[in-house]
file structure.csv (CSV, C-alpha atoms and all ligand atoms)
chain,number,residue,atom,x,y,z
A,1,MET,CA,-0.1,-136.9,93.4
A,2,LEU,CA,-0.2,-136.1,89.7
A,3,SER,CA,-3.3,-137.1,87.9
A,4,LEU,CA,-2.9,-139.9,85.4
A,5,PHE,CA,-3.8,-137.5,82.6
A,6,LYS,CA,-1.1,-135.0,83.8
A,7,LYS,CA,1.4,-137.9,83.7
A,8,PHE,CA,0.4,-138.7,80.1
A,9,LYS,CA,0.6,-135.0,79.2
A,10,ASP,CA,4.0,-134.5,80.7
A,11,GLY,CA,5.3,-137.8,79.4
A,12,LEU,CA,4.2,-137.0,75.8
A,13,ALA,CA,5.3,-133.3,76.0
A,14,LYS,CA,7.9,-133.6,73.2
A,15,THR,CA,5.3,-135.0,70.8
A,16,VAL,CA,2.7,-132.5,71.8
A,17,SER,CA,4.9,-129.5,71.6
A,18,ALA,CA,6.3,-130.6,68.2
A,19,ILE,CA,2.7,-130.8,66.9
A,20,ALA,CA,1.9,-127.4,68.4
A,21,ALA,CA,5.0,-125.8,66.9
A,22,LYS,CA,4.3,-127.2,63.4
A,23,THR,CA,0.7,-126.1,63.5
A,24,HIS,CA,1.3,-122.8,65.2
A,25,GLY,CA,-0.9,-123.7,68.1
A,26,LEU,CA,-3.8,-124.7,65.8
A,27,PHE,CA,-5.7,-126.6,68.6
A,28,GLY,CA,-5.8,-123.4,70.6
A,29,GLY,CA,-8.7,-122.3,68.5
A,30,ARG,CA,-7.9,-120.3,65.4
A,31,LYS,CA,-9.9,-120.7,62.3
A,32,ILE,CA,-9.1,-123.6,60.0
A,33,ASP,CA,-7.8,-122.8,56.5
A,34,ALA,CA,-6.0,-124.6,53.7
A,35,ALA,CA,-2.6,-123.7,55.2
A,36,ALA,CA,-3.6,-124.9,58.6
A,37,LEU,CA,-4.7,-128.3,57.2
A,38,GLU,CA,-1.4,-128.7,55.4
A,39,GLU,CA,0.5,-127.9,58.6
A,40,LEU,CA,-1.6,-130.4,60.6
A,41,GLU,CA,-1.0,-133.1,58.0
A,42,GLU,CA,2.7,-132.5,58.1
A,43,ALA,CA,2.7,-132.4,61.9
A,44,LEU,CA,0.9,-135.7,62.2
A,45,TYR,CA,3.2,-137.4,59.7
A,46,THR,CA,6.3,-136.1,61.5
A,47,ALA,CA,5.0,-137.4,64.8
A,48,ASP,CA,4.8,-140.8,63.2
A,49,PHE,CA,1.0,-141.3,63.2
A,50,GLY,CA,1.4,-143.0,59.9
A,51,VAL,CA,-0.3,-142.6,56.6
A,52,GLU,CA,-3.6,-144.3,57.3
A,53,THR,CA,-4.4,-142.5,60.6
A,54,THR,CA,-3.2,-139.1,59.3
A,55,THR,CA,-5.4,-139.5,56.2
A,56,GLU,CA,-8.4,-140.5,58.2
A,57,ILE,CA,-8.0,-137.5,60.6
A,58,LEU,CA,-7.5,-135.0,57.8
A,59,GLN,CA,-10.5,-136.4,55.8
A,60,GLU,CA,-12.8,-136.0,58.7
A,61,ILE,CA,-11.7,-132.5,59.5
A,62,LYS,CA,-12.0,-131.5,55.9
A,63,ALA,CA,-15.5,-132.9,55.7
A,64,ALA,CA,-16.5,-130.9,58.8
A,65,CYS,CA,-14.9,-127.8,57.2
A,66,ARG,CA,-17.2,-128.3,54.2
A,67,GLN,CA,-20.2,-128.4,56.5
A,68,ASP,CA,-19.1,-125.4,58.6
A,69,ALA,CA,-16.7,-122.8,57.0
A,70,THR,CA,-16.1,-121.3,60.5
A,71,LEU,CA,-14.7,-124.5,62.0
A,72,ASN,CA,-11.9,-123.7,64.4
A,73,GLY,CA,-8.8,-125.5,65.7
A,74,GLN,CA,-10.5,-126.7,68.9
A,75,GLN,CA,-13.3,-128.3,67.0
A,76,ALA,CA,-10.8,-129.8,64.7
A,77,ALA,CA,-8.9,-131.3,67.7
A,78,ALA,CA,-12.1,-132.8,68.9
A,79,ILE,CA,-12.7,-134.4,65.5
A,80,GLY,CA,-9.1,-135.7,65.5
A,81,ALA,CA,-9.6,-137.1,69.0
A,82,THR,CA,-12.7,-139.0,67.9
A,83,VAL,CA,-10.9,-140.6,65.0
A,84,LEU,CA,-8.0,-141.6,67.2
A,85,ARG,CA,-10.3,-143.1,69.8
A,86,ARG,CA,-11.8,-145.2,67.1
A,87,VAL,CA,-8.5,-146.4,65.8
A,88,LEU,CA,-7.4,-147.2,69.3
A,89,THR,CA,-10.5,-149.2,70.2
A,90,GLY,CA,-9.4,-152.4,72.0
A,91,SER,CA,-5.8,-151.1,72.5
A,92,GLU,CA,-5.9,-151.0,76.3
A,93,GLY,CA,-4.5,-154.1,78.0
A,94,LYS,CA,-5.9,-154.6,81.5
A,95,LEU,CA,-3.9,-156.7,83.9
A,96,GLU,CA,-6.2,-158.7,86.1
A,97,GLY,CA,-5.1,-159.5,89.7
A,98,GLY,CA,-2.3,-162.1,90.4
A,99,SER,CA,-2.8,-165.3,92.3
A,100,ARG,CA,-4.9,-163.5,94.9
A,101,PRO,CA,-7.0,-160.4,95.0
A,102,PRO,CA,-5.1,-157.1,95.9
A,103,GLY,CA,-4.4,-156.8,99.6
A,104,GLY,CA,-5.6,-160.2,100.8
A,105,ARG,CA,-3.9,-163.4,101.6
A,106,GLY,CA,-5.5,-166.7,100.6
A,107,SER,CA,-8.8,-167.2,102.4
A,108,VAL,CA,-9.2,-169.6,105.2
A,109,ASN,CA,-11.3,-172.6,104.3
A,110,ALA,CA,-13.9,-174.5,106.4
A,111,SER,CA,-11.4,-176.9,107.9
A,112,GLY,CA,-9.4,-173.9,109.0
A,113,GLY,CA,-6.5,-174.9,106.7
A,114,GLY,CA,-6.3,-172.1,104.2
A,115,ASP,CA,-6.3,-172.4,100.5
A,116,PRO,CA,-3.3,-174.1,98.9
A,117,PRO,CA,-1.1,-171.5,97.4
A,118,LYS,CA,-2.0,-170.8,93.8
A,119,ASN,CA,0.5,-170.7,91.0
A,120,PRO,CA,2.2,-167.4,90.4
A,121,GLN,CA,1.1,-165.4,87.4
A,122,LEU,CA,4.0,-164.9,85.1
A,123,ILE,CA,4.9,-162.0,82.9
A,124,CYS,CA,7.8,-162.5,80.5
A,125,LEU,CA,9.3,-159.5,78.8
A,126,ILE,CA,11.1,-159.9,75.5
A,127,GLY,CA,12.4,-157.7,72.8
A,128,VAL,CA,15.3,-156.4,70.8
A,129,ASN,CA,18.4,-155.0,72.5
A,130,GLY,CA,17.9,-151.8,74.5
A,131,SER,CA,14.2,-151.6,74.2
A,132,GLY,CA,13.7,-151.2,77.9
A,133,LYS,CA,13.0,-154.7,79.2
A,134,THR,CA,15.1,-154.6,82.3
A,135,THR,CA,13.9,-151.1,83.4
A,136,THR,CA,10.3,-152.2,82.7
A,137,THR,CA,10.8,-155.4,84.7
A,138,ALA,CA,11.8,-153.3,87.7
A,139,LYS,CA,9.1,-150.6,87.2
A,140,LEU,CA,6.4,-153.2,86.7
A,141,ALA,CA,7.4,-155.1,89.9
A,142,HIS,CA,7.3,-151.8,91.8
A,143,LYS,CA,3.9,-151.0,90.3
A,144,LEU,CA,2.4,-154.4,91.2
A,145,ARG,CA,3.8,-154.2,94.7
A,146,SER,CA,2.3,-150.7,95.1
A,147,ASP,CA,-1.0,-152.2,94.2
A,148,GLY,CA,-0.7,-154.7,97.1
A,149,GLN,CA,0.6,-157.7,95.1
A,150,SER,CA,3.6,-159.7,96.0
A,151,VAL,CA,6.3,-160.0,93.3
A,152,ILE,CA,9.5,-161.7,92.5
A,153,MET,CA,11.8,-160.9,89.5
A,154,ALA,CA,13.9,-163.3,87.5
A,155,ALA,CA,17.2,-162.2,85.8
A,156,CYS,CA,17.0,-164.4,82.7
A,157,ASP,CA,19.4,-162.2,80.7
A,158,THR,CA,22.3,-164.5,81.4
A,159,PHE,CA,24.4,-163.3,78.4
A,160,ARG,CA,26.1,-160.5,80.2
A,161,ALA,CA,27.2,-160.2,83.9
A,162,ALA,CA,26.2,-156.5,83.7
A,163,ALA,CA,22.6,-157.4,82.9
A,164,VAL,CA,22.2,-159.4,86.1
A,165,GLU,CA,23.9,-156.6,88.0
A,166,GLN,CA,21.6,-154.0,86.5
A,167,LEU,CA,18.5,-155.9,87.7
A,168,ARG,CA,20.1,-156.6,91.0
A,169,SER,CA,20.7,-152.9,91.6
A,170,TRP,CA,17.0,-152.2,90.9
A,171,ALA,CA,16.0,-155.1,93.2
A,172,ASP,CA,18.1,-153.6,96.0
A,173,ARG,CA,16.9,-150.1,95.4
A,174,LEU,CA,13.2,-151.2,95.4
A,175,GLY,CA,13.5,-153.9,98.0
A,176,ILE,CA,12.1,-156.6,95.6
A,177,GLU,CA,13.2,-160.2,95.6
A,178,LEU,CA,15.3,-161.4,92.7
A,179,ILE,CA,16.2,-164.8,91.5
A,180,ALA,CA,19.5,-164.8,89.5
A,181,SER,CA,22.3,-167.0,88.5
A,182,HIS,CA,25.8,-166.4,87.0
A,183,SER,CA,26.3,-165.1,83.5
A,184,GLY,CA,26.4,-167.9,81.0
A,185,ALA,CA,23.8,-169.9,83.0
A,186,ASP,CA,20.9,-171.4,81.1
A,187,ALA,CA,18.1,-168.8,80.9
A,188,ALA,CA,15.4,-171.4,80.9
A,189,ALA,CA,16.8,-173.0,84.1
A,190,VAL,CA,16.8,-169.6,85.9
A,191,ALA,CA,13.2,-169.1,84.8
A,192,PHE,CA,12.3,-172.6,86.1
A,193,ASP,CA,14.0,-172.0,89.5
A,194,ALA,CA,12.4,-168.6,89.8
A,195,TRP,CA,8.9,-170.1,89.2
A,196,GLN,CA,9.6,-172.7,92.0
A,197,ALA,CA,10.7,-169.9,94.3
A,198,ALA,CA,7.7,-167.8,93.5
A,199,LYS,CA,5.4,-170.7,94.2
A,200,ALA,CA,7.1,-171.8,97.4
A,201,ARG,CA,7.0,-168.2,98.7
A,202,GLY,CA,3.3,-167.7,97.7
A,203,LYS,CA,4.1,-164.8,95.4
A,204,ASP,CA,1.4,-163.4,93.2
A,205,TRP,CA,3.6,-162.5,90.3
A,206,LEU,CA,6.8,-163.5,88.7
A,207,ILE,CA,8.3,-161.1,86.2
A,208,VAL,CA,11.0,-162.5,83.9
A,209,ASP,CA,13.6,-160.2,82.3
A,210,THR,CA,15.2,-161.7,79.2
A,211,ALA,CA,18.2,-160.9,77.1
A,212,GLY,CA,17.8,-158.5,74.2
A,213,ARG,CA,17.8,-160.4,70.9
A,214,LEU,CA,17.5,-159.6,67.2
A,215,HIS,CA,14.5,-161.2,65.8
A,216,THR,CA,16.6,-162.4,62.9
A,217,LYS,CA,18.8,-164.6,65.1
A,218,GLY,CA,17.2,-168.0,65.0
A,219,ASN,CA,19.1,-169.6,67.9
A,220,LEU,CA,18.2,-166.7,70.2
A,221,MET,CA,14.6,-167.0,69.2
A,222,GLU,CA,14.8,-170.7,69.9
A,223,GLU,CA,16.0,-169.8,73.4
A,224,LEU,CA,12.7,-168.0,74.0
A,225,ALA,CA,10.7,-171.0,72.9
A,226,LYS,CA,12.8,-173.1,75.3
A,227,ILE,CA,12.1,-170.7,78.2
A,228,ARG,CA,8.4,-171.2,77.5
A,229,ARG,CA,8.6,-175.0,77.3
A,230,VAL,CA,10.5,-175.3,80.5
A,231,LEU,CA,8.2,-173.0,82.4
A,232,GLN,CA,5.3,-175.1,81.2
A,233,LYS,CA,6.7,-178.1,83.1
A,234,ASN,CA,5.7,-176.1,86.2
A,235,ASP,CA,2.5,-174.8,85.0
A,236,PRO,CA,1.0,-175.5,81.5
A,237,ALA,CA,-0.5,-172.0,81.5
A,238,ALA,CA,2.8,-170.3,82.0
A,239,PRO,CA,4.0,-167.7,81.0
A,240,GLN,CA,0.5,-166.2,81.1
A,241,HIS,CA,1.7,-162.9,79.7
A,242,ARG,CA,4.2,-162.7,76.9
A,243,TRP,CA,4.9,-159.0,76.2
A,244,LEU,CA,7.1,-157.5,73.6
A,245,VAL,CA,8.8,-154.4,74.9
A,246,VAL,CA,9.0,-151.9,72.1
A,247,ASP,CA,11.0,-148.7,72.0
A,248,GLY,CA,8.4,-146.1,71.1
A,249,SER,CA,10.9,-143.8,69.5
A,250,LEU,CA,11.8,-146.3,66.8
A,251,GLY,CA,8.4,-146.3,65.2
A,252,ALA,CA,7.6,-148.5,62.2
A,253,ASN,CA,10.8,-150.5,62.6
A,254,SER,CA,9.2,-152.3,65.5
A,255,ILE,CA,6.4,-153.7,63.5
A,256,GLU,CA,8.4,-156.3,61.5
A,257,GLN,CA,10.3,-157.3,64.6
A,258,ALA,CA,7.1,-157.8,66.5
A,259,LYS,CA,5.7,-160.1,63.8
A,260,VAL,CA,8.7,-162.5,64.1
A,261,PHE,CA,8.6,-162.4,68.0
A,262,HIS,CA,4.9,-163.2,67.7
A,263,GLN,CA,5.6,-166.3,65.6
A,264,SER,CA,8.2,-167.7,68.0
A,265,PHE,CA,6.6,-166.8,71.3
A,266,GLY,CA,2.9,-166.1,70.8
A,267,LEU,CA,2.8,-162.5,72.1
A,268,THR,CA,-0.1,-161.5,74.3
A,269,GLY,CA,0.6,-157.8,74.6
A,270,LEU,CA,3.0,-154.9,74.3
A,271,VAL,CA,4.8,-152.4,76.5
A,272,VAL,CA,5.8,-149.2,74.6
A,273,THR,CA,8.7,-147.4,76.2
A,274,LYS,CA,10.6,-144.2,75.9
A,275,LEU,CA,7.6,-142.1,74.8
A,276,ASP,CA,8.9,-139.3,76.9
A,277,GLY,CA,12.1,-139.1,74.9
A,278,THR,CA,10.6,-138.7,71.5
A,279,SER,CA,8.6,-136.2,69.4
A,280,ARG,CA,7.4,-139.2,67.4
A,281,GLY,CA,5.0,-140.5,70.0
A,282,GLY,CA,2.3,-141.1,67.3
A,283,ALA,CA,4.2,-144.4,66.5
A,284,LEU,CA,2.2,-146.1,69.2
A,285,VAL,CA,-0.9,-145.8,67.0
A,286,GLY,CA,0.8,-147.4,63.9
A,287,ILE,CA,2.2,-150.2,66.1
A,288,TYR,CA,-1.2,-151.0,67.5
A,289,ARG,CA,-2.9,-150.7,64.1
A,290,GLN,CA,-0.6,-153.2,62.6
A,291,LEU,CA,-0.3,-155.7,65.4
A,292,LYS,CA,-3.6,-155.4,67.2
A,293,LEU,CA,-2.0,-156.5,70.4
A,294,PRO,CA,-3.2,-154.8,73.6
A,295,ILE,CA,-0.8,-152.2,75.0
A,296,TYR,CA,-0.6,-152.9,78.7
A,297,PHE,CA,1.9,-150.2,79.8
A,298,ILE,CA,3.8,-147.2,78.4
A,299,GLY,CA,7.2,-146.0,79.6
A,300,LEU,CA,7.3,-142.3,80.3
A,301,GLY,CA,10.7,-142.0,82.0
A,302,GLU,CA,13.4,-143.8,83.8
A,303,GLN,CA,12.1,-143.5,87.4
A,304,PRO,CA,10.2,-146.4,89.1
A,305,ASP,CA,6.9,-144.5,88.8
A,306,ASP,CA,7.3,-143.7,85.2
A,307,LEU,CA,5.4,-146.8,83.9
A,308,GLN,CA,1.7,-146.1,83.3
A,309,PRO,CA,-1.1,-148.4,82.4
A,310,PHE,CA,-2.0,-147.5,78.9
A,311,SER,CA,-5.1,-145.3,78.7
A,312,ALA,CA,-6.2,-144.6,75.1
A,313,GLU,CA,-8.4,-141.7,76.4
A,314,ASN,CA,-5.5,-140.0,78.2
A,315,TYR,CA,-3.2,-140.5,75.2
A,316,VAL,CA,-5.8,-139.1,72.8
A,317,ARG,CA,-6.5,-136.1,75.0
A,318,ALA,CA,-2.8,-135.3,75.5
A,319,VAL,CA,-2.1,-135.5,71.8
A,320,PHE,CA,-4.9,-133.1,70.8
A,321,GLY,CA,-4.5,-130.8,73.7
A,322,LEU,CA,-7.9,-131.5,75.2
A,323,GLU,CA,-8.1,-130.9,79.0
A,324,ALA,CA,-9.2,-133.8,81.2
A,401,LIG,N1,13.4,-141.9,78.9
A,401,LIG,C1,13.2,-143.2,79.0
A,401,LIG,N2,14.2,-144.1,79.1
A,401,LIG,C2,13.9,-145.4,79.2
A,401,LIG,C3,12.6,-145.9,79.3
A,401,LIG,N3,12.6,-147.2,79.5
A,401,LIG,C4,13.9,-147.6,79.4
A,401,LIG,N4,14.7,-146.5,79.3
A,401,LIG,C5,16.2,-146.4,79.2
A,401,LIG,O1,16.6,-147.1,78.1
A,401,LIG,C6,17.9,-147.7,78.3
A,401,LIG,C7,17.8,-149.2,78.0
A,401,LIG,O2,16.9,-149.8,79.0
A,401,LIG,P1,17.0,-151.3,79.5
A,401,LIG,O3,15.9,-151.5,80.4
A,401,LIG,O4,18.4,-151.5,79.9
A,401,LIG,O5,16.8,-152.0,78.1
A,401,LIG,P2,16.9,-153.6,77.8
A,401,LIG,O6,15.8,-153.9,76.8
A,401,LIG,O7,16.9,-154.3,79.1
A,401,LIG,O8,18.3,-153.7,77.1
A,401,LIG,P3,19.1,-155.0,76.8
A,401,LIG,O9,19.0,-155.9,78.0
A,401,LIG,O10,20.5,-154.5,76.5
A,401,LIG,O11,18.5,-155.6,75.6
A,401,LIG,C8,18.2,-147.4,79.8
A,401,LIG,O12,19.1,-146.3,79.8
A,401,LIG,C9,16.9,-147.0,80.4
A,401,LIG,O13,17.0,-146.2,81.5
A,401,LIG,C10,11.5,-144.9,79.3
A,401,LIG,O14,10.3,-145.2,79.3
A,401,LIG,N5,11.9,-143.6,79.1
A,402,MG,MG,18.1,-155.8,79.8
call {"tool": "encode", "arguments": {"input": "structure.csv", "output": "structure tokens", "more": "lines below"}}
Ligand SMILES: Nc1nc2c(ncn2[C@@H]2O[C@H](COP(=O)(O)OP(=O)(O)OP(=O)(O)O)[C@@H](O)[C@H]2O)c(=O)[nH]1
Ligand SMILES: [Mg+2]
result
Amino acid sequence: MLSLFKKFKDGLAKTVSAIAAKTHGLFGGRKIDAAALEELEEALYTADFGVETTTEILQEIKAACRQDATLNGQQAAAIGATVLRRVLTGSEGKLEGGSRPPGGRGSVNASGGGDPPKNPQLICLIGVNGSGKTTTTAKLAHKLRSDGQSVIMAACDTFRAAAVEQLRSWADRLGIELIASHSGADAAAVAFDAWQAAKARGKDWLIVDTAGRLHTKGNLMEELAKIRRVLQKNDPAAPQHRWLVVDGSLGANSIEQAKVFHQSFGLTGLVVTKLDGTSRGGALVGIYRQLKLPIYFIGLGEQPDDLQPFSAENYVRAVFGLEA
């Protein structure tokens, strides 16, 4: 099995190799000079790390160069990694277990009856069109099940028949239960029914896929608020997780959108997708810096196993070419 670090490194290969090409392999170890610093600055901008982070990294490397004129690329990479770790402090979202601990059914109580089933924990995925919600719903369900949890998915993108079919084909492929209705059905009603089904069947998790929507469309944003209200009739704490799925290749565009989604739906976290398909994987840093919402998972491909819990350390090491 690939190590988690290797998955990050492979998934971020486009970003990493673009930086290496622009800096002529600086992190390999050659001596730092003014030209190398310029190349590094340019490479970090191009990879979408943003002005603040790029400036901080360059400032610290320049300060170290003033102390030690022989500073080399590997040492510079270590300094860059330290800055990035600092910027990403608090960025890792950690998903705590579902309605029961991994692997175990509810414990049997003294009267021999067994605990009443707990409410399912709910994750609702929202975002603009095409950001990766449906794929992430399936990958996440697969991940949770691989961790020994029981999962059900809800197809609450009722705008297009194709959307339900897309999730159904994932459900069939992965053997995961799906609650769906016809296209045009009320998304909130599907979410409500799915919650009831998850509760009745003692599932740990319910993952809700929603329709893509532009943050500027008030009626669609209202639909999200309604999904939340209706779910709260079942469980005032639901949906416990409200994650914005952000296309990592779109960079700074996501930040304004996220602010509007946050106002309507009270986001609790982020999933950053498609980092494998872009040489601008630094965008994740700007997104976190602006929003300060924990990143729970990142998408590094289109296969079921290509969703990884976000690890700031693995990300930082991959970017700066540090070995695990
Ligand atoms: N390379 C790569 N592709 C991804 C990733 N996540 C999603 N995709 C692809 O992006 C495209 C859109 O993904 P969907 O999951 O359908 O996106 P969505 O947000 O559900 O789209 P709408 O429902 O239309 O709003 C699909 O072709 C996915 O396979 C990822 O992490 N990496
Ligand atoms: Mg979708």
call {"tool": "atom_distance", "arguments": {"input": "structure.csv", "atom1": "CA of Ala318 in chain A", "atom2": "CA of Ala258 in chain A"}}
result
26.2 Å
call {"tool": "residues_near_ligand", "arguments": {"input": "structure.csv", "ligand": "ligand LIG 401 (chain A)", "cutoff": "6 Å", "atoms": "only C-alpha atoms and all ligand atoms", "output": "list in words"}}
result
Val128, Asn129, Gly130, Ser131, Gly132, Lys133, Thr134, Thr135, Ala211, Gly212, Thr273, Lys274, Asp276, Gly277, Gly299, Leu300, Gly301 and Glu302 of chain A
call {"tool": "residues_near_ligand", "arguments": {"input": "structure.csv", "ligand": "ligand MG 402 (chain A)", "cutoff": "12 Å", "atoms": "all atoms listed in the file", "output": "PyMOL selection string"}}
result
chain A and resi 125-138+154-168+170+208-213+245
call {"tool": "residues_around", "arguments": {"input": "structure.csv", "residues": "Ile287 in chain A", "least_positions_apart": "5", "cutoff": "10 Å", "atoms": "all atoms listed in the file", "output": "count of residues only"}}
result
17
call {"tool": "closest_residue", "arguments": {"input": "structure.csv", "among": "A:Asn314, A:Val83, A:Gly25, A:Ala283", "to": "Thr55 in chain A", "atoms": "all atoms listed in the file"}}
result
A:Val83
call {"tool": "atom_distance", "arguments": {"input": "structure.csv", "atom1": "CA of Pro309 in chain A", "atom2": "CA of Leu214 in chain A"}}
result
26.5 Å
call {"tool": "atom_distance", "arguments": {"input": "structure.csv", "atom1": "CA of Leu140 in chain A", "atom2": "CA of Arg85 in chain A"}}
result
25.8 Å
call {"tool": "residues_around", "arguments": {"input": "structure.csv", "residues": "Asn72 in chain A", "least_positions_apart": "4", "cutoff": "10 Å", "atoms": "only C-alpha atoms", "output": "PyMOL selection string"}}
result
chain A and resi 26-33+65+68+76-77
call {"tool": "closest_residue", "arguments": {"input": "structure.csv", "among": "A:Ser183, A:Ser146, A:Ser249, A:Ser91", "to": "Gly269 in chain A", "atoms": "only C-alpha atoms"}}
result
A:Ser91
call {"tool": "closest_atom_pairs", "arguments": {"input": "structure.csv", "of": "range 32-57 of chain A", "to": "range 10-23 of chain A", "cutoff": "12 Å", "atoms": "all atoms listed in the file", "output": "CSV"}}
result
residue,atom,partner,partner_atom,distance
A:Ile32,CA,A:Thr23,CA,10.7
A:Asp33,CA,A:Thr23,CA,11.5
A:Ala34,CA,A:Thr23,CA,12.0
A:Ala35,CA,A:Thr23,CA,9.2
A:Ala36,CA,A:Thr23,CA,6.6
A:Leu37,CA,A:Thr23,CA,8.6
A:Glu38,CA,A:Thr23,CA,8.8
A:Glu39,CA,A:Thr23,CA,5.2
A:Leu40,CA,A:Thr23,CA,5.7
A:Glu41,CA,A:Thr23,CA,9.1
A:Glu42,CA,A:Lys22,CA,7.7
A:Ala43,CA,A:Ile19,CA,5.2
A:Leu44,CA,A:Ile19,CA,7.0
A:Tyr45,CA,A:Ile19,CA,9.8
A:Thr46,CA,A:Ile19,CA,8.4
A:Ala47,CA,A:Thr15,CA,6.5
A:Asp48,CA,A:Thr15,CA,9.6
A:Phe49,CA,A:Thr15,CA,10.8
call {"tool": "closest_residue", "arguments": {"input": "structure.csv", "among": "A:Gly281, A:Pro304, A:Pro239, A:Gly266", "to": "Cys124 in chain A", "atoms": "only C-alpha atoms"}}
result
A:Pro239
call {"tool": "closest_residue", "arguments": {"input": "structure.csv", "among": "A:Leu231, A:Leu88, A:Ile207, A:Val271", "to": "Phe192 in chain A", "atoms": "all atoms listed in the file"}}
result
A:Leu231
call {"tool": "closest_residue", "arguments": {"input": "structure.csv", "among": "A:Arg173, A:Arg66, A:Arg317, A:Arg145", "to": "Leu4 in chain A", "atoms": "all atoms listed in the file"}}
result
A:Arg317
call {"tool": "closest_residue", "arguments": {"input": "structure.csv", "among": "A:Gly93, A:Pro117, A:Gly80, A:Gly321", "to": "Gly202 in chain A", "atoms": "all atoms listed in the file"}}
result
A:Pro117
call {"tool": "residues_around", "arguments": {"input": "structure.csv", "residues": "Glu177 in chain A", "least_positions_apart": "5", "cutoff": "7 Å", "atoms": "only C-alpha atoms", "output": "PyMOL selection string"}}
result
chain A and resi 152-153+171
